[in-house]
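Chemist: My file is data20.pdb. It has PDB, C-alpha atoms and all ligand atoms:
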```pdb
ATOM      1  CA  MET A  19     -25.767 -20.513 -14.973  1.00  0.00           C
ATOM      2  CA  ASN A  20     -22.775 -19.621 -12.818  1.00  0.00           C
ATOM      3  CA  ILE A  21     -20.668 -17.450 -15.072  1.00  0.00           C
ATOM      4  CA  ILE A  22     -17.977 -17.329 -12.393  1.00  0.00           C
ATOM      5  CA  GLU A  23     -17.156 -20.138 -10.014  1.00  0.00           C
ATOM      6  CA  THR A  24     -14.081 -20.565  -7.857  1.00  0.00           C
ATOM      7  CA  LYS A  25     -13.066 -23.370  -5.544  1.00  0.00           C
ATOM      8  CA  ALA A  26     -10.482 -22.695  -2.837  1.00  0.00           C
ATOM      9  CA  LEU A  27      -8.848 -20.063  -5.047  1.00  0.00           C
ATOM     10  CA  THR A  28      -5.512 -19.008  -3.563  1.00  0.00           C
ATOM     11  CA  LYS A  29      -2.783 -16.629  -4.672  1.00  0.00           C
ATOM     12  CA  THR A  30       0.613 -16.488  -3.012  1.00  0.00           C
ATOM     13  CA  PHE A  31       3.352 -14.078  -4.020  1.00  0.00           C
ATOM     14  CA  ASN A  32       7.071 -14.669  -3.361  1.00  0.00           C
ATOM     15  CA  GLN A  33       6.519 -18.252  -2.249  1.00  0.00           C
ATOM     16  CA  GLY A  34       9.196 -19.566   0.110  1.00  0.00           C
ATOM     17  CA  LYS A  35      10.800 -16.137   0.548  1.00  0.00           C
ATOM     18  CA  LEU A  36      10.853 -13.827   3.547  1.00  0.00           C
ATOM     19  CA  ASN A  37       8.329 -11.563   1.841  1.00  0.00           C
ATOM     20  CA  GLU A  38       5.848 -14.354   1.059  1.00  0.00           C
ATOM     21  CA  VAL A  39       2.273 -13.096   1.151  1.00  0.00           C
ATOM     22  CA  THR A  40      -1.062 -14.795   0.414  1.00  0.00           C
ATOM     23  CA  PRO A  41      -3.596 -12.031  -0.317  1.00  0.00           C
ATOM     24  CA  VAL A  42      -6.251 -14.477  -1.567  1.00  0.00           C
ATOM     25  CA  LYS A  43      -6.920 -17.544   0.570  1.00  0.00           C
ATOM     26  CA  ASP A  44      -9.291 -20.402  -0.222  1.00  0.00           C
ATOM     27  CA  ILE A  45     -11.929 -18.250  -1.885  1.00  0.00           C
ATOM     28  CA  SER A  46     -14.950 -20.211  -3.120  1.00  0.00           C
ATOM     29  CA  ILE A  47     -17.592 -18.078  -4.823  1.00  0.00           C
ATOM     30  CA  SER A  48     -20.295 -18.448  -7.426  1.00  0.00           C
ATOM     31  CA  ILE A  49     -21.604 -15.533  -9.462  1.00  0.00           C
ATOM     32  CA  LYS A  50     -24.568 -15.929 -11.775  1.00  0.00           C
ATOM     33  CA  LYS A  51     -24.750 -14.478 -15.272  1.00  0.00           C
ATOM     34  CA  GLY A  52     -26.273 -11.004 -15.054  1.00  0.00           C
ATOM     35  CA  GLU A  53     -25.355 -10.418 -11.396  1.00  0.00           C
ATOM     36  CA  CYS A  54     -23.761  -7.205 -10.197  1.00  0.00           C
ATOM     37  CA  VAL A  55     -21.412  -7.986  -7.315  1.00  0.00           C
ATOM     38  CA  VAL A  56     -19.316  -5.684  -5.154  1.00  0.00           C
ATOM     39  CA  LEU A  57     -16.100  -6.756  -3.422  1.00  0.00           C
ATOM     40  CA  LYS A  58     -15.624  -4.764  -0.258  1.00  0.00           C
ATOM     41  CA  GLY A  59     -13.035  -4.733   2.507  1.00  0.00           C
ATOM     42  CA  PRO A  60     -10.229  -2.758   4.106  1.00  0.00           C
ATOM     43  CA  SER A  61      -7.169  -1.690   2.140  1.00  0.00           C
ATOM     44  CA  GLY A  62      -4.854  -4.670   1.650  1.00  0.00           C
ATOM     45  CA  SER A  63      -7.609  -7.250   2.175  1.00  0.00           C
ATOM     46  CA  GLY A  64      -6.994  -8.789  -1.270  1.00  0.00           C
ATOM     47  CA  LYS A  65      -9.784  -7.279  -3.397  1.00  0.00           C
ATOM     48  CA  THR A  66      -7.563  -6.240  -6.306  1.00  0.00           C
ATOM     49  CA  THR A  67      -5.676  -9.548  -6.235  1.00  0.00           C
ATOM     50  CA  LEU A  68      -8.959 -11.469  -6.385  1.00  0.00           C
ATOM     51  CA  LEU A  69     -10.245  -9.226  -9.198  1.00  0.00           C
ATOM     52  CA  THR A  70      -7.008  -9.827 -11.105  1.00  0.00           C
ATOM     53  CA  LEU A  71      -7.508 -13.597 -10.813  1.00  0.00           C
ATOM     54  CA  LEU A  72     -11.180 -13.416 -11.794  1.00  0.00           C
ATOM     55  CA  SER A  73     -10.418 -11.237 -14.817  1.00  0.00           C
ATOM     56  CA  CYS A  74      -7.856 -13.821 -16.020  1.00  0.00           C
ATOM     57  CA  LEU A  75      -4.989 -11.370 -15.721  1.00  0.00           C
ATOM     58  CA  SER A  76      -3.116 -13.685 -13.392  1.00  0.00           C
ATOM     59  CA  ARG A  77      -3.167 -17.375 -12.565  1.00  0.00           C
ATOM     60  CA  PRO A  78      -3.921 -18.808  -9.129  1.00  0.00           C
ATOM     61  CA  SER A  79      -1.273 -20.556  -7.031  1.00  0.00           C
ATOM     62  CA  SER A  80      -3.846 -23.229  -6.201  1.00  0.00           C
ATOM     63  CA  GLY A  81      -7.555 -23.865  -6.416  1.00  0.00           C
ATOM     64  CA  GLY A  82      -9.871 -23.873  -9.407  1.00  0.00           C
ATOM     65  CA  TYR A  83     -11.524 -21.153 -11.470  1.00  0.00           C
ATOM     66  CA  TRP A  84     -14.320 -21.717 -13.972  1.00  0.00           C
ATOM     67  CA  CYS A  85     -15.314 -18.724 -16.094  1.00  0.00           C
ATOM     68  CA  MET A  86     -18.211 -19.119 -18.552  1.00  0.00           C
ATOM     69  CA  GLU A  87     -18.020 -22.820 -17.720  1.00  0.00           C
ATOM     70  CA  GLU A  88     -14.407 -23.140 -18.888  1.00  0.00           C
ATOM     71  CA  GLN A  89     -11.795 -24.227 -16.367  1.00  0.00           C
ATOM     72  CA  VAL A  90      -9.573 -21.254 -17.078  1.00  0.00           C
ATOM     73  CA  SER A  91      -7.311 -21.951 -14.081  1.00  0.00           C
ATOM     74  CA  ARG A  92      -5.749 -24.760 -16.130  1.00  0.00           C
ATOM     75  CA  TRP A  93      -4.980 -22.586 -19.123  1.00  0.00           C
ATOM     76  CA  THR A  94      -1.684 -21.058 -20.211  1.00  0.00           C
ATOM     77  CA  GLU A  95      -1.210 -17.289 -20.487  1.00  0.00           C
ATOM     78  CA  LYS A  96      -1.740 -17.433 -24.257  1.00  0.00           C
ATOM     79  CA  PHE A  97      -5.215 -18.969 -23.970  1.00  0.00           C
ATOM     80  CA  LEU A  98      -6.110 -16.677 -21.052  1.00  0.00           C
ATOM     81  CA  THR A  99      -5.210 -13.619 -23.137  1.00  0.00           C
ATOM     82  CA  ARG A 100      -7.445 -14.733 -26.012  1.00  0.00           C
ATOM     83  CA  PHE A 101     -10.299 -15.494 -23.635  1.00  0.00           C
ATOM     84  CA  ARG A 102      -9.901 -12.100 -21.982  1.00  0.00           C
ATOM     85  CA  GLN A 103      -9.892 -10.263 -25.310  1.00  0.00           C
ATOM     86  CA  LYS A 104     -13.117 -11.960 -26.330  1.00  0.00           C
ATOM     87  CA  HIS A 105     -15.205 -11.932 -23.167  1.00  0.00           C
ATOM     88  CA  ILE A 106     -13.790  -9.646 -20.486  1.00  0.00           C
ATOM     89  CA  GLY A 107     -13.578  -5.890 -19.920  1.00  0.00           C
ATOM     90  CA  ILE A 108     -11.348  -4.506 -17.186  1.00  0.00           C
ATOM     91  CA  VAL A 109     -11.234  -1.106 -15.507  1.00  0.00           C
ATOM     92  CA  PHE A 110      -7.910  -0.865 -13.677  1.00  0.00           C
ATOM     93  CA  GLN A 111      -7.499   0.973 -10.388  1.00  0.00           C
ATOM     94  CA  HIS A 112      -4.706   3.108 -11.878  1.00  0.00           C
ATOM     95  CA  PHE A 113      -6.339   3.273 -15.337  1.00  0.00           C
ATOM     96  CA  ASN A 114      -3.268   1.918 -17.275  1.00  0.00           C
ATOM     97  CA  LEU A 115      -3.914   4.321 -20.142  1.00  0.00           C
ATOM     98  CA  ILE A 116      -1.261   4.715 -22.844  1.00  0.00           C
ATOM     99  CA  LYS A 117       0.369   8.109 -22.503  1.00  0.00           C
ATOM    100  CA  GLY A 118       1.000  10.035 -25.709  1.00  0.00           C
ATOM    101  CA  LEU A 119      -2.041   8.511 -27.399  1.00  0.00           C
ATOM    102  CA  SER A 120      -5.388  10.209 -27.781  1.00  0.00           C
ATOM    103  CA  VAL A 121      -8.529   9.312 -25.863  1.00  0.00           C
ATOM    104  CA  GLU A 122      -9.941   7.771 -29.048  1.00  0.00           C
ATOM    105  CA  GLN A 123      -6.829   5.628 -29.631  1.00  0.00           C
ATOM    106  CA  ASN A 124      -6.816   4.473 -25.998  1.00  0.00           C
ATOM    107  CA  ILE A 125     -10.472   3.484 -26.163  1.00  0.00           C
ATOM    108  CA  TYR A 126     -10.123   1.372 -29.303  1.00  0.00           C
ATOM    109  CA  THR A 127      -6.873  -0.366 -28.203  1.00  0.00           C
ATOM    110  CA  PRO A 128      -8.657  -3.617 -27.144  1.00  0.00           C
ATOM    111  CA  LEU A 129     -10.130  -3.868 -30.674  1.00  0.00           C
ATOM    112  CA  LEU A 130      -6.791  -3.713 -32.489  1.00  0.00           C
ATOM    113  CA  PRO A 131      -6.262  -7.515 -32.593  1.00  0.00           C
ATOM    114  CA  LEU A 132      -9.580  -7.828 -34.454  1.00  0.00           C
ATOM    115  CA  GLY A 133      -8.266  -6.149 -37.631  1.00  0.00           C
ATOM    116  CA  LEU A 134     -11.156  -3.666 -38.008  1.00  0.00           C
ATOM    117  CA  SER A 135     -10.935  -0.696 -40.408  1.00  0.00           C
ATOM    118  CA  ALA A 136      -9.882   2.699 -39.038  1.00  0.00           C
ATOM    119  CA  LYS A 137     -13.415   3.952 -39.651  1.00  0.00           C
ATOM    120  CA  GLU A 138     -14.937   1.095 -37.628  1.00  0.00           C
ATOM    121  CA  LEU A 139     -12.417   1.570 -34.782  1.00  0.00           C
ATOM    122  CA  LYS A 140     -13.324   5.254 -34.585  1.00  0.00           C
ATOM    123  CA  ALA A 141     -17.044   4.511 -34.684  1.00  0.00           C
ATOM    124  CA  GLN A 142     -16.771   1.987 -31.826  1.00  0.00           C
ATOM    125  CA  ALA A 143     -14.608   4.354 -29.756  1.00  0.00           C
ATOM    126  CA  SER A 144     -17.109   7.128 -30.297  1.00  0.00           C
ATOM    127  CA  LEU A 145     -20.004   4.955 -29.089  1.00  0.00           C
ATOM    128  CA  ALA A 146     -18.132   3.885 -25.937  1.00  0.00           C
ATOM    129  CA  ALA A 147     -17.072   7.489 -25.257  1.00  0.00           C
ATOM    130  CA  GLU A 148     -20.676   8.640 -25.463  1.00  0.00           C
ATOM    131  CA  LYS A 149     -21.705   6.133 -22.794  1.00  0.00           C
ATOM    132  CA  VAL A 150     -19.349   7.637 -20.231  1.00  0.00           C
ATOM    133  CA  ASN A 151     -19.743  11.248 -21.291  1.00  0.00           C
ATOM    134  CA  ILE A 152     -16.227  11.815 -22.632  1.00  0.00           C
ATOM    135  CA  SER A 153     -17.009  12.408 -26.348  1.00  0.00           C
ATOM    136  CA  GLN A 154     -15.840  16.023 -26.176  1.00  0.00           C
ATOM    137  CA  ARG A 155     -12.276  14.854 -25.377  1.00  0.00           C
ATOM    138  CA  LEU A 156     -11.809  12.171 -28.062  1.00  0.00           C
ATOM    139  CA  GLN A 157      -8.893  13.939 -29.785  1.00  0.00           C
ATOM    140  CA  PHE A 158      -7.118  15.002 -26.569  1.00  0.00           C
ATOM    141  CA  LYS A 159      -3.980  13.193 -25.392  1.00  0.00           C
ATOM    142  CA  VAL A 160      -4.902  11.190 -22.297  1.00  0.00           C
ATOM    143  CA  ASP A 161      -2.044  12.732 -20.300  1.00  0.00           C
ATOM    144  CA  THR A 162      -3.727  16.132 -20.504  1.00  0.00           C
ATOM    145  CA  LEU A 163      -6.970  14.957 -18.854  1.00  0.00           C
ATOM    146  CA  SER A 164      -8.077  15.244 -15.246  1.00  0.00           C
ATOM    147  CA  GLY A 165      -8.155  12.109 -13.042  1.00  0.00           C
ATOM    148  CA  GLY A 166     -11.918  11.826 -13.380  1.00  0.00           C
ATOM    149  CA  GLU A 167     -11.753  12.151 -17.170  1.00  0.00           C
ATOM    150  CA  GLN A 168      -9.026   9.488 -17.326  1.00  0.00           C
ATOM    151  CA  GLN A 169     -11.228   7.207 -15.247  1.00  0.00           C
ATOM    152  CA  ARG A 170     -14.064   7.624 -17.743  1.00  0.00           C
ATOM    153  CA  VAL A 171     -11.679   6.831 -20.624  1.00  0.00           C
ATOM    154  CA  ALA A 172     -10.606   3.675 -18.764  1.00  0.00           C
ATOM    155  CA  ILE A 173     -14.256   2.657 -18.424  1.00  0.00           C
ATOM    156  CA  ALA A 174     -14.980   3.380 -22.102  1.00  0.00           C
ATOM    157  CA  ARG A 175     -11.989   1.227 -23.088  1.00  0.00           C
ATOM    158  CA  ALA A 176     -13.313  -1.629 -20.944  1.00  0.00           C
ATOM    159  CA  LEU A 177     -16.729  -1.364 -22.628  1.00  0.00           C
ATOM    160  CA  VAL A 178     -15.618  -1.001 -26.240  1.00  0.00           C
ATOM    161  CA  GLY A 179     -15.387  -4.727 -26.984  1.00  0.00           C
ATOM    162  CA  ASN A 180     -18.914  -5.327 -25.639  1.00  0.00           C
ATOM    163  CA  PRO A 181     -17.612  -7.795 -23.004  1.00  0.00           C
ATOM    164  CA  GLU A 182     -19.738 -10.456 -21.364  1.00  0.00           C
ATOM    165  CA  ILE A 183     -18.203  -9.698 -17.944  1.00  0.00           C
ATOM    166  CA  LEU A 184     -16.966  -6.339 -16.709  1.00  0.00           C
ATOM    167  CA  PHE A 185     -14.447  -6.182 -13.861  1.00  0.00           C
ATOM    168  CA  ALA A 186     -13.863  -2.767 -12.357  1.00  0.00           C
ATOM    169  CA  ASP A 187     -11.402  -1.834  -9.612  1.00  0.00           C
ATOM    170  CA  GLU A 188     -12.752   1.212  -7.758  1.00  0.00           C
ATOM    171  CA  PRO A 189     -14.530   2.583 -10.853  1.00  0.00           C
ATOM    172  CA  THR A 190     -15.769   5.746  -9.144  1.00  0.00           C
ATOM    173  CA  ALA A 191     -12.701   6.513  -7.011  1.00  0.00           C
ATOM    174  CA  HIS A 192     -11.778   9.678  -8.931  1.00  0.00           C
ATOM    175  CA  LEU A 193     -15.249  10.879  -9.879  1.00  0.00           C
ATOM    176  CA  ASP A 194     -17.575  13.470  -8.438  1.00  0.00           C
ATOM    177  CA  ARG A 195     -21.078  12.465  -7.445  1.00  0.00           C
ATOM    178  CA  GLU A 196     -22.642  13.320 -10.777  1.00  0.00           C
ATOM    179  CA  ASN A 197     -20.143  11.295 -12.806  1.00  0.00           C
ATOM    180  CA  SER A 198     -20.261   8.406 -10.293  1.00  0.00           C
ATOM    181  CA  GLN A 199     -24.018   8.347 -10.756  1.00  0.00           C
ATOM    182  CA  ASN A 200     -23.511   8.442 -14.530  1.00  0.00           C
ATOM    183  CA  ILE A 201     -21.143   5.430 -14.349  1.00  0.00           C
ATOM    184  CA  MET A 202     -23.627   3.504 -12.209  1.00  0.00           C
ATOM    185  CA  ASP A 203     -26.296   4.295 -14.827  1.00  0.00           C
ATOM    186  CA  VAL A 204     -23.975   2.817 -17.482  1.00  0.00           C
ATOM    187  CA  PHE A 205     -23.446  -0.278 -15.319  1.00  0.00           C
ATOM    188  CA  THR A 206     -27.207  -0.572 -14.764  1.00  0.00           C
ATOM    189  CA  GLU A 207     -27.759  -0.514 -18.522  1.00  0.00           C
ATOM    190  CA  LEU A 208     -25.132  -3.238 -18.982  1.00  0.00           C
ATOM    191  CA  LYS A 209     -26.798  -5.312 -16.289  1.00  0.00           C
ATOM    192  CA  ASN A 210     -30.145  -4.859 -18.020  1.00  0.00           C
ATOM    193  CA  GLN A 211     -28.497  -6.256 -21.163  1.00  0.00           C
ATOM    194  CA  GLY A 212     -27.586  -9.379 -19.167  1.00  0.00           C
ATOM    195  CA  LYS A 213     -23.922  -8.524 -18.584  1.00  0.00           C
ATOM    196  CA  THR A 214     -22.182  -9.556 -15.388  1.00  0.00           C
ATOM    197  CA  ILE A 215     -20.352  -6.927 -13.342  1.00  0.00           C
ATOM    198  CA  VAL A 216     -17.852  -7.460 -10.538  1.00  0.00           C
ATOM    199  CA  MET A 217     -16.267  -4.443  -8.911  1.00  0.00           C
ATOM    200  CA  THR A 218     -14.354  -3.366  -5.862  1.00  0.00           C
ATOM    201  CA  THR A 219     -15.312  -0.183  -4.107  1.00  0.00           C
ATOM    202  CA  HIS A 220     -15.084   1.968  -1.012  1.00  0.00           C
ATOM    203  CA  ASP A 221     -17.806   4.270  -2.369  1.00  0.00           C
ATOM    204  CA  PRO A 222     -21.164   4.167  -0.491  1.00  0.00           C
ATOM    205  CA  LEU A 223     -22.933   5.439  -3.646  1.00  0.00           C
ATOM    206  CA  VAL A 224     -21.846   2.217  -5.404  1.00  0.00           C
ATOM    207  CA  GLU A 225     -22.466  -0.149  -2.462  1.00  0.00           C
ATOM    208  CA  GLU A 226     -25.957   1.166  -1.904  1.00  0.00           C
ATOM    209  CA  HIS A 227     -26.909   1.347  -5.583  1.00  0.00           C
ATOM    210  CA  SER A 228     -30.078  -0.531  -6.494  1.00  0.00           C
ATOM    211  CA  SER A 229     -28.274  -2.430  -9.282  1.00  0.00           C
ATOM    212  CA  VAL A 230     -25.929  -4.146  -6.821  1.00  0.00           C
ATOM    213  CA  ASP A 231     -27.227  -7.640  -6.094  1.00  0.00           C
ATOM    214  CA  ARG A 232     -24.630  -8.762  -3.599  1.00  0.00           C
ATOM    215  CA  ILE A 233     -21.720  -7.528  -1.523  1.00  0.00           C
ATOM    216  CA  ILE A 234     -18.848  -9.915  -0.826  1.00  0.00           C
ATOM    217  CA  GLU A 235     -16.738  -8.802   2.112  1.00  0.00           C
ATOM    218  CA  MET A 236     -13.077  -9.654   2.383  1.00  0.00           C
ATOM    219  CA  LYS A 237     -10.663  -9.493   5.284  1.00  0.00           C
ATOM    220  CA  ASP A 238      -7.030 -10.643   5.230  1.00  0.00           C
ATOM    221  CA  GLY A 239      -7.548 -12.488   1.954  1.00  0.00           C
ATOM    222  CA  GLU A 240     -10.603 -14.394   3.109  1.00  0.00           C
ATOM    223  CA  MET A 241     -14.326 -13.979   2.634  1.00  0.00           C
ATOM    224  CA  VAL A 242     -16.088 -12.892   5.800  1.00  0.00           C
TER     225      VAL A 242
HETATM  226  N1  LIG B   1       2.422  -8.601  -7.108  1.00  0.00           N
HETATM  227  C1  LIG B   1       2.473  -8.612  -5.778  1.00  0.00           C
HETATM  228  N2  LIG B   1       3.594  -8.997  -5.131  1.00  0.00           N
HETATM  229  C2  LIG B   1       3.649  -9.022  -3.784  1.00  0.00           C
HETATM  230  N3  LIG B   1       2.623  -8.676  -2.969  1.00  0.00           N
HETATM  231  C3  LIG B   1       1.490  -8.274  -3.538  1.00  0.00           C
HETATM  232  C4  LIG B   1       1.341  -8.227  -4.970  1.00  0.00           C
HETATM  233  N4  LIG B   1       0.072  -7.803  -5.245  1.00  0.00           N
HETATM  234  C5  LIG B   1      -0.535  -7.590  -4.053  1.00  0.00           C
HETATM  235  N5  LIG B   1       0.317  -7.870  -3.029  1.00  0.00           N
HETATM  236  C6  LIG B   1       0.006  -7.743  -1.600  1.00  0.00           C
HETATM  237  O1  LIG B   1      -1.240  -8.355  -1.363  1.00  0.00           O
HETATM  238  C7  LIG B   1      -1.975  -7.624  -0.373  1.00  0.00           C
HETATM  239  C8  LIG B   1      -3.359  -7.340  -0.882  1.00  0.00           C
HETATM  240  O2  LIG B   1      -3.291  -6.363  -1.917  1.00  0.00           O
HETATM  241  P1  LIG B   1      -4.558  -5.941  -2.789  1.00  0.00           P
HETATM  242  O3  LIG B   1      -4.083  -4.876  -3.731  1.00  0.00           O
HETATM  243  O4  LIG B   1      -5.179  -7.142  -3.374  1.00  0.00           O
HETATM  244  O5  LIG B   1      -5.523  -5.312  -1.675  1.00  0.00           O
HETATM  245  P2  LIG B   1      -6.826  -4.409  -1.819  1.00  0.00           P
HETATM  246  O6  LIG B   1      -7.844  -4.975  -0.892  1.00  0.00           O
HETATM  247  O7  LIG B   1      -7.215  -4.294  -3.265  1.00  0.00           O
HETATM  248  O8  LIG B   1      -6.342  -3.004  -1.286  1.00  0.00           O
HETATM  249  P3  LIG B   1      -6.789  -1.492  -1.710  1.00  0.00           P
HETATM  250  O9  LIG B   1      -8.199  -1.296  -1.211  1.00  0.00           O
HETATM  251  O10 LIG B   1      -5.803  -0.645  -0.969  1.00  0.00           O
HETATM  252  O11 LIG B   1      -6.658  -1.377  -3.205  1.00  0.00           O
HETATM  253  C9  LIG B   1      -1.150  -6.396  -0.043  1.00  0.00           C
HETATM  254  O12 LIG B   1      -0.471  -6.621   1.169  1.00  0.00           O
HETATM  255  C10 LIG B   1      -0.186  -6.286  -1.204  1.00  0.00           C
HETATM  256  O13 LIG B   1       1.024  -5.723  -0.819  1.00  0.00           O
END
```
Please lay out the structure from this file as structure tokens.
Modeler:
Amino acid sequence: MNIIETKALTKTFNQGKLNEVTPVKDISISIKKGECVVLKGPSGSGKTTLLTLLSCLSRPSSGGYWCMEEQVSRWTEKFLTRFRQKHIGIVFQHFNLIKGLSVEQNIYTPLLPLGLSAKELKAQASLAAEKVNISQRLQFKVDTLSGGEQQRVAIARALVGNPEILFADEPTAHLDRENSQNIMDVFTELKNQGKTIVMTTHDPLVEEHSSVDRIIEMKDGEMV
């Protein structure tokens, strides 16, 4: 089953204006359930924009997108948000953690709409934290952590809802070799559970990892 399928997916910003830009042009890809796929390409080639479309965070300007066999490109923001909450985990390039809140609170944020008890929220956060080796910082405010620690919190938050598909934008960019290896071990375990992973990277450790099934190269918004 193709868990992700796009047909001529295109995203244009500032249409009709002097600063119009089309970072994703006519992208047609199929990704099977359980695949681990890397998006690679020079800075500005459109990787993050494509990841944003695939993770249902933004809507295409044209073209079609089917995720888990639903034509999500036709949906409104409201339906996309619900779909995302249920099926998709996202690791953002700049983490998007909530300052002033603890690591634990940040990790369980995606679960808040589910109405779980405080005890259950804490238990789920603790499990996700363990996976990325950040348990010892659960009660720290995220603003007091190092870049690498914040990255691990961002990954734990993406995993906490047990998503079917994980999208990660440069998940090892701020990590040393040991922690990068640890994150790839986590991703390998997810893949072994049948989860689908799509990530962007510039990191050779990620590109060359045995869990990666396929590398999709982008240049100027197109697949090469
Ligand atoms: N919201 C936006 N409004 C206008 N232009 C945008 C927007 N988002 C992205 N762009 C432009 O689209 C192009 C591609 O950006 P994108 O972030 O997708 O590239 P990238 O391949 O992920 O780069 P990097 O490796 O540096 O993260 C850039 O020229 C960027 O300025």
Chemist: If you count only C-alpha atoms and all ligand atoms, which residues end up within 7 Å of ligand LIG 1 (chain B), as a VMD selection string?
Modeler: chain A and resid 31 to 32 39 to 41 59 to 68
Chemist: Suppose we keep C-alpha atoms; can you now write the selection as a PDB file, in the frame of the given file?
Modeler:
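After the write, out17.pdb holds the following:
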```
ATOM      1  CA  PHE A  31       3.352 -14.078  -4.020  1.00  0.00           C
ATOM      2  CA  ASN A  32       7.071 -14.669  -3.361  1.00  0.00           C
ATOM      3  CA  VAL A  39       2.273 -13.096   1.151  1.00  0.00           C
ATOM      4  CA  THR A  40      -1.062 -14.795   0.414  1.00  0.00           C
ATOM      5  CA  PRO A  41      -3.596 -12.031  -0.317  1.00  0.00           C
ATOM      6  CA  GLY A  59     -13.035  -4.733   2.507  1.00  0.00           C
ATOM      7  CA  PRO A  60     -10.229  -2.758   4.106  1.00  0.00           C
ATOM      8  CA  SER A  61      -7.169  -1.690   2.140  1.00  0.00           C
ATOM      9  CA  GLY A  62      -4.854  -4.670   1.650  1.00  0.00           C
ATOM     10  CA  SER A  63      -7.609  -7.250   2.175  1.00  0.00           C
ATOM     11  CA  GLY A  64      -6.994  -8.789  -1.270  1.00  0.00           C
ATOM     12  CA  LYS A  65      -9.784  -7.279  -3.397  1.00  0.00           C
ATOM     13  CA  THR A  66      -7.563  -6.240  -6.306  1.00  0.00           C
ATOM     14  CA  THR A  67      -5.676  -9.548  -6.235  1.00  0.00           C
ATOM     15  CA  LEU A  68      -8.959 -11.469  -6.385  1.00  0.00           C
TER      16      LEU A  68
END
```
Chemist: Let me make sure I understand: among A:His192, A:Lys237, A:Lys159, A:Lys25, which one has the smallest atom-to-atom distance to His112 (chain A) if we use only C-alpha atoms?
Modeler: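 Closest residue, counting only C-alpha atoms: A:His192.
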Chemist: Pick out the closest residue to Phe101 (chain A) from this set: A:Glu182, A:Asp161, A:Asp231, A:Asp44. Count only C-alpha atoms.
Modeler: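 Closest candidate: A:Glu182.
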Chemist: Would you mind reading off the distance between CA of Val150 (chain A) and CA of Val178 (chain A), one decimal, in Å?
Modeler: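 Taking CA of Val150 (chain A) and CA of Val178 (chain A), their separation equals 11.2 Å.
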Chemist: On this file, the PyMOL selection byres (((chain A and resi 140) around 12) and not hetatm) gives some set of residues; write that set as an MDAnalysis selection string.
Modeler: chainID A and resid 120:127 129:130 134:139 141:147 153 156:157 178
Chemist: Could you turn the residues from that selection into a file that holds C-alpha atoms, as a PDB file, in the coordinates of the input?
Modeler:
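Result file follows (part14.pdb):
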```pdb
ATOM      1  CA  SER A 120      -5.388  10.209 -27.781  1.00  0.00           C
ATOM      2  CA  VAL A 121      -8.529   9.312 -25.863  1.00  0.00           C
ATOM      3  CA  GLU A 122      -9.941   7.771 -29.048  1.00  0.00           C
ATOM      4  CA  GLN A 123      -6.829   5.628 -29.631  1.00  0.00           C
ATOM      5  CA  ASN A 124      -6.816   4.473 -25.998  1.00  0.00           C
ATOM      6  CA  ILE A 125     -10.472   3.484 -26.163  1.00  0.00           C
ATOM      7  CA  TYR A 126     -10.123   1.372 -29.303  1.00  0.00           C
ATOM      8  CA  THR A 127      -6.873  -0.366 -28.203  1.00  0.00           C
ATOM      9  CA  LEU A 129     -10.130  -3.868 -30.674  1.00  0.00           C
ATOM     10  CA  LEU A 130      -6.791  -3.713 -32.489  1.00  0.00           C
ATOM     11  CA  LEU A 134     -11.156  -3.666 -38.008  1.00  0.00           C
ATOM     12  CA  SER A 135     -10.935  -0.696 -40.408  1.00  0.00           C
ATOM     13  CA  ALA A 136      -9.882   2.699 -39.038  1.00  0.00           C
ATOM     14  CA  LYS A 137     -13.415   3.952 -39.651  1.00  0.00           C
ATOM     15  CA  GLU A 138     -14.937   1.095 -37.628  1.00  0.00           C
ATOM     16  CA  LEU A 139     -12.417   1.570 -34.782  1.00  0.00           C
ATOM     17  CA  ALA A 141     -17.044   4.511 -34.684  1.00  0.00           C
ATOM     18  CA  GLN A 142     -16.771   1.987 -31.826  1.00  0.00           C
ATOM     19  CA  ALA A 143     -14.608   4.354 -29.756  1.00  0.00           C
ATOM     20  CA  SER A 144     -17.109   7.128 -30.297  1.00  0.00           C
ATOM     21  CA  LEU A 145     -20.004   4.955 -29.089  1.00  0.00           C
ATOM     22  CA  ALA A 146     -18.132   3.885 -25.937  1.00  0.00           C
ATOM     23  CA  ALA A 147     -17.072   7.489 -25.257  1.00  0.00           C
ATOM     24  CA  SER A 153     -17.009  12.408 -26.348  1.00  0.00           C
ATOM     25  CA  LEU A 156     -11.809  12.171 -28.062  1.00  0.00           C
ATOM     26  CA  GLN A 157      -8.893  13.939 -29.785  1.00  0.00           C
ATOM     27  CA  VAL A 178     -15.618  -1.001 -26.240  1.00  0.00           C
TER      28      VAL A 178
END
```
Chemist: Could you check which residues have any atom within 12 Å of (-19.8, 3.6, -0.4), counting all atoms listed in the file with coordinates taken straight from the file, and then list them as a list of chain:residue names?
Modeler: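 Those residues, ordered by chain and then number, are A:Val56, A:Leu57, A:Lys58, A:Gly59, A:Glu188, A:Pro189, A:Thr190, A:Ala191, A:Arg195, A:Ser198, A:Thr218, A:Thr219, A:His220, A:Asp221, A:Pro222, A:Leu223, A:Val224, A:Glu225, A:Glu226, A:His227, A:Val230, A:Ile233.
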Chemist: Using Å and a single decimal, report how far CA of Arg170 (chain A) sits from CA of Gly118 (chain A).
Modeler: 17.2 Å
Chemist: Against region 86-90 of chain A, which residues of region 37-57 of chain A fall within 12 Å? For each one I want the closest pair of atoms and the distance in Å (one decimal), counting only C-alpha atoms, rows by chain and increasing residue number, as a Markdown table.
Modeler:
```
| residue | atom | partner | partner_atom | distance |
| --- | --- | --- | --- | --- |
| A:Ser48 | CA | A:Met86 | CA | 11.3 |
| A:Ile49 | CA | A:Met86 | CA | 10.3 |
| A:Lys50 | CA | A:Met86 | CA | 9.8 |
| A:Lys51 | CA | A:Met86 | CA | 8.7 |
| A:Gly52 | CA | A:Met86 | CA | 12.0 |
```
